Structure formats: C-alpha cells, structure tokens
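**Student:** Encoded as structure tokens, here's the structure I'll be asking about.
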Amino acid sequence: MSRYVLQTTASGLCLEDTFSDQHPTLLDFTSGQFNYRLKKGGGRRELLAKAVGAKDGTNVIDCTAGLGRDAFLLASLGCRVTMIERSPVVALLLDDALERALHHEDLAETVARIELVSGNAIDYLNDVQTVPEVIMLDPMFPARKKSARVKGDMQMMQRFLGTDGDVDTLFAAAYSSGCSRVVLKRPLHDKYELPIKPTNTLRGGSIRFDVFVIS
Ligand SMILES: C[S@@+](CC[C@H](N)C(=O)[O-])C[C@H]1O[C@@H](n2cnc3c(N)ncnc32)[C@H](O)[C@@H]1O
C-alpha cells in the first residue's frame with residue numbers, strides 16, 4: 001500500500017498519510033474557523049489584501065493555490081481569482097472543496113469568482129491569454145525549514161509535496177507576464193535571494209509579503 005491515500009468520505013475527498021497520526025486533510029471553505037477569518041479576520045485590512053491591493057473586480061492569478069485559503073480570501077473580497085495548482089492530488093482536493101462551498105448559500109458568490117486550473121503555473125504564464133493585474137506567489141521555498149509554526153494541513157502538505165525547487169523560474173515568469181504587481185508570500189525571516197528587490201514589504205507575525213510593483 002502506498003503511504004498517501006486519497007479517499008472519498010461522507011464529508012468529502014481526504015488525503016491521508018498512513019505513516020502519521022494526523023487527521024486526513026480535507027479542505028473545507030465552509031468550516032467555522034475559516035469563515036471566522038473571512039468575516040472577522042480584517043477583510044481588506046488583512047495583510048494579504050493590502051499586499052494585493054484587493055478591490056472589487058481585481059484580477060488575480062494565484063500561481064501556488066495549495067490549500068486555497070489565500071485565493072478564497074481574495075475572492076471573498078471581490079477579486080476574480082484564477083488559482084493554479086500543479087499537484088493533481090491537491091487540485092482534486094481543491095475542486096472537491098470548491099464544489100461543496102458552491103452549495104453553501106453564503107459562499108456561492110465567492111466560489112463563482114474563482115477558477116481552478118490544474119497544471120504548472122510557469123507553463124500557464126508563458127502562454128497567458130489575459131494578463132492579470134496581480135500575480136500571487138506562495139511557494140514552498142527550498143530554504144524553508146521545518147518550522148514549529150507550520151501546523152496541521154500545511155504540515156501535511158509539506159510532507160506530501162516537499163519544497164518547490166523552481167521558485168526563480170516561477171518568479172521570472174510572473175515578473176515578465178505583463179502584470180502590474182507580483183506579490184510573494186514568504187516566511188518572515190526567509191533569506192532566499194531573488195534577483196530583483198521588492199518595491200515594499202509588509203510584515204506580519206511569522207510571514208511577510210514582498211510586493212513588486214512593475215511600471
Ligand atoms: C505553500 S503552498 C500555497 C498555500 C496557499 N497560499 C494557501 O493559501 O493555502 C504552495 C503550493 O503551490 C504549489 N505550486 C508550487 N509551484 C507551482 C507551480 N509552478 N505551478 C502550480 N502550482 C505550484 C505547490 O504544489 C503547493 O501546493
């Protein structure tokens with residue numbers, strides 16, 4: 001039997017790590033905890049919203065969809081978000097979670113602003129048809145240590161996916177796509193060097209957003 005098992009349950013599609021005691025990962029945009037963040041987490045005052053400059057109708061490509069939380073938060077603020085995920089397994093989890101959220105009356109409008117693309121964002125950006133205003137990147141940096149702060153589903157994702165070894169190529173594809181802003185989310189003290197310095201940086205408790213404004 002393989003270590004990771006994808007299974008359909010009554011609650012939705014789950015990914016289980018059979019080598020771990022951790023609960024199987026099920027993405028749930030309808031959960032109370034997630035919706036508390038959407039409603040009370042600060043909305044447009046959230047650091048992510050500020051970094052993106054989120055307004056009604058802002059077009060965003062989230063090149064590193066992952067658990068979909070950042071993309072969903074931006075869509076809840078009125079952004080039109082294309083989220084791209086290259087792990088076919090994670091894309092299936094996202095698709096399942098979006099389908100469930102679509103049937104939730106408070107969330108259907110938000111889901112309608114999200115498009116999920118299963119594939120590599122580098123290929124997508126190299127052939128992008130409609131240039132977005134903002135590109136959001138949140139890769140698993142090669143230098144990212146196993147941090148005590150990374151918990152729960154994200155910890156599981158780190159085990160399952162490992163790190164992203166092509167951050168430079170992804171950043172270059174985003175920066176040269178014609179968009180007007182690239183937002184890079186990273187651990188607060190991350191030392192990974194990119195060839196271009198950010199225009200400004202917004203710092204939170206454990207993460208920071210490097211914002212590259214392209215004129
Ligand atoms: C740290 S997670 C992103 C978490 C996400 N921001 C959230 O709110 O849940 C990084 C994700 O980006 C994906 N990824 C990394 N490079 C990618 C690429 N070039 N194209 C598409 N997906 C990519 C990884 O597979 C992983 O699922």
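How things are named: the first chain in the structure tokens is A, the next is B, and so on; residues count from 1 in each chain; ligands count from 1 in the order shown.
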Each residue of chain A with at least one atom at most 6 Å from ligand 1 should appear once, together with its nearest atom pair and the corresponding distance in Å (one decimal); atoms considered: only C-alpha atoms and all ligand atoms; ordering: chain, then increasing residue number; output as CSV.
**Tutor:**
```
residue,atom,partner,partner_atom_place_in_ligand_line,distance
A:Cys63,CA,ligand 1,21 (C),5.4
A:Thr64,CA,ligand 1,12 (O),3.3
A:Ala65,CA,ligand 1,5 (C),4.9
A:Gly66,CA,ligand 1,27 (O),3.4
A:Leu67,CA,ligand 1,9 (O),3.4
A:Gly68,CA,ligand 1,9 (O),4.3
A:Arg69,CA,ligand 1,8 (O),3.7
A:Asp70,CA,ligand 1,8 (O),3.8
A:Ile84,CA,ligand 1,21 (C),5.1
A:Glu85,CA,ligand 1,22 (N),3.8
A:Arg86,CA,ligand 1,21 (C),4.0
A:Ser87,CA,ligand 1,25 (O),5.0
A:Gly119,CA,ligand 1,21 (C),5.9
A:Asn120,CA,ligand 1,20 (N),3.7
A:Ala121,CA,ligand 1,20 (N),3.7
A:Ile122,CA,ligand 1,19 (N),5.2
A:Asp138,CA,ligand 1,3 (C),5.0
A:Pro139,CA,ligand 1,10 (C),4.4
A:Met140,CA,ligand 1,1 (C),4.8
A:Asp164,CA,ligand 1,15 (C),5.6
A:Leu170,CA,ligand 1,19 (N),5.7
```
**Student:** When DSSP works through the backbone of this structure, what residues of range 54-202 of chain A end up as strand (DSSP E), shown as a PDB file with C-alpha atoms, in the first residue's frame?
**Tutor:**
```pdb
ATOM      1  CA  ASN A  59      -7.920  40.186 -11.459  1.00  0.00           C
ATOM      2  CA  VAL A  60      -5.508  37.923  -9.622  1.00  0.00           C
ATOM      3  CA  ILE A  61      -3.680  34.775 -10.651  1.00  0.00           C
ATOM      4  CA  ASP A  62      -2.678  32.740  -7.602  1.00  0.00           C
ATOM      5  CA  ARG A  80     -11.596  37.472  -9.609  1.00  0.00           C
ATOM      6  CA  VAL A  81      -9.064  34.733  -8.914  1.00  0.00           C
ATOM      7  CA  THR A  82      -7.552  32.085 -11.157  1.00  0.00           C
ATOM      8  CA  MET A  83      -5.840  29.606  -8.883  1.00  0.00           C
ATOM      9  CA  ILE A  84      -3.283  27.221 -10.322  1.00  0.00           C
ATOM     10  CA  GLU A  85      -2.101  24.041  -8.641  1.00  0.00           C
ATOM     11  CA  ILE A 114     -12.735  31.506  -8.588  1.00  0.00           C
ATOM     12  CA  GLU A 115     -11.408  29.439 -11.461  1.00  0.00           C
ATOM     13  CA  LEU A 116      -9.238  26.424 -10.645  1.00  0.00           C
ATOM     14  CA  VAL A 117      -6.572  25.346 -13.128  1.00  0.00           C
ATOM     15  CA  SER A 118      -4.776  22.041 -12.616  1.00  0.00           C
ATOM     16  CA  VAL A 134      -1.780  40.902  -9.820  1.00  0.00           C
ATOM     17  CA  ILE A 135       0.113  37.634  -9.548  1.00  0.00           C
ATOM     18  CA  MET A 136       0.310  35.977  -6.155  1.00  0.00           C
ATOM     19  CA  LEU A 137       3.107  33.514  -5.310  1.00  0.00           C
ATOM     20  CA  ARG A 181       2.164  43.660  -9.463  1.00  0.00           C
ATOM     21  CA  VAL A 182       3.712  40.436  -8.154  1.00  0.00           C
ATOM     22  CA  VAL A 183       3.130  39.550  -4.510  1.00  0.00           C
ATOM     23  CA  LEU A 184       5.433  36.992  -2.929  1.00  0.00           C
ATOM     24  CA  LYS A 185       4.434  35.493   0.419  1.00  0.00           C
ATOM     25  CA  ARG A 186       7.291  34.026   2.413  1.00  0.00           C
ATOM     26  CA  PRO A 187       8.408  33.222   5.953  1.00  0.00           C
ATOM     27  CA  ASN A 200       7.979  47.287  -0.495  1.00  0.00           C
ATOM     28  CA  THR A 201       7.468  44.624   2.139  1.00  0.00           C
ATOM     29  CA  LEU A 202       4.549  44.100   4.519  1.00  0.00           C
TER      30      LEU A 202
END
```
**Student:** Which of these, A:Ser206, A:Gly165, A:Val52, A:Met157, has the shortest distance to Tyr4 in chain A once you count only C-alpha atoms?
**Tutor:** A:Met157
**Student:** Determine, counting only C-alpha atoms, which protein, DNA and RNA residues have an atom within 9 Å of an atom of Arg44 in chain A; residues of the same chain fewer than 3 positions away are not included. Present the result as a list in words.
**Tutor:**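 So, after excluding close chain neighbours, the residues are Leu47, Leu48, Ala49, Lys50, Gly53, Ala54, Lys55, Leu74 and Leu77 of chain A.
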**Student:** Find the residues around Ile214 in chain A up to 9 Å (only C-alpha atoms counted), leave out those fewer than 3 positions away in its own chain, and share them as a ChimeraX atom specification.
**Tutor:** /A:175,178-182,199
**Student:** Next, dump the selected residues to file, keeping only N, CA, C and O atoms, as an mmCIF file, in the first residue's frame.
**Tutor:**
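What follows is the written file part-v5.cif:
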```
data_model
loop_
_atom_site.group_PDB
_atom_site.id
_atom_site.type_symbol
_atom_site.label_atom_id
_atom_site.label_comp_id
_atom_site.auth_asym_id
_atom_site.auth_seq_id
_atom_site.Cartn_x
_atom_site.Cartn_y
_atom_site.Cartn_z
ATOM 1 N N TYR A 175 7.016 37.840 -13.209
ATOM 2 C CA TYR A 175 7.502 39.219 -13.345
ATOM 3 C C TYR A 175 7.445 39.696 -14.794
ATOM 4 O O TYR A 175 7.221 40.868 -15.065
ATOM 5 N N GLY A 178 3.616 40.695 -17.812
ATOM 6 C CA GLY A 178 2.862 41.888 -18.217
ATOM 7 C C GLY A 178 1.934 42.381 -17.112
ATOM 8 O O GLY A 178 1.269 43.406 -17.275
ATOM 9 N N CYS A 179 1.889 41.676 -15.988
ATOM 10 C CA CYS A 179 1.030 42.118 -14.879
ATOM 11 C C CYS A 179 1.653 43.361 -14.223
ATOM 12 O O CYS A 179 2.822 43.666 -14.456
ATOM 13 N N SER A 180 0.862 44.049 -13.404
ATOM 14 C CA SER A 180 1.416 45.265 -12.821
ATOM 15 C C SER A 180 1.949 45.057 -11.397
ATOM 16 O O SER A 180 2.588 45.948 -10.849
ATOM 17 N N ARG A 181 1.684 43.887 -10.821
ATOM 18 C CA ARG A 181 2.164 43.660 -9.463
ATOM 19 C C ARG A 181 2.366 42.161 -9.211
ATOM 20 O O ARG A 181 1.507 41.348 -9.576
ATOM 21 N N VAL A 182 3.491 41.816 -8.607
ATOM 22 C CA VAL A 182 3.712 40.436 -8.154
ATOM 23 C C VAL A 182 3.836 40.484 -6.639
ATOM 24 O O VAL A 182 4.555 41.330 -6.090
ATOM 25 N N THR A 199 9.534 46.262 -4.168
ATOM 26 C CA THR A 199 9.228 47.695 -4.051
ATOM 27 C C THR A 199 8.932 48.015 -2.586
ATOM 28 O O THR A 199 9.335 49.040 -2.065
#
```
**Student:** Work out how far apart CA of Arg113 in chain A and CA of Leu93 in chain A are and give it in Å to one decimal.
**Tutor:**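 Atom-to-atom, CA of Arg113 in chain A to CA of Leu93 in chain A, that is 18.2 Å.
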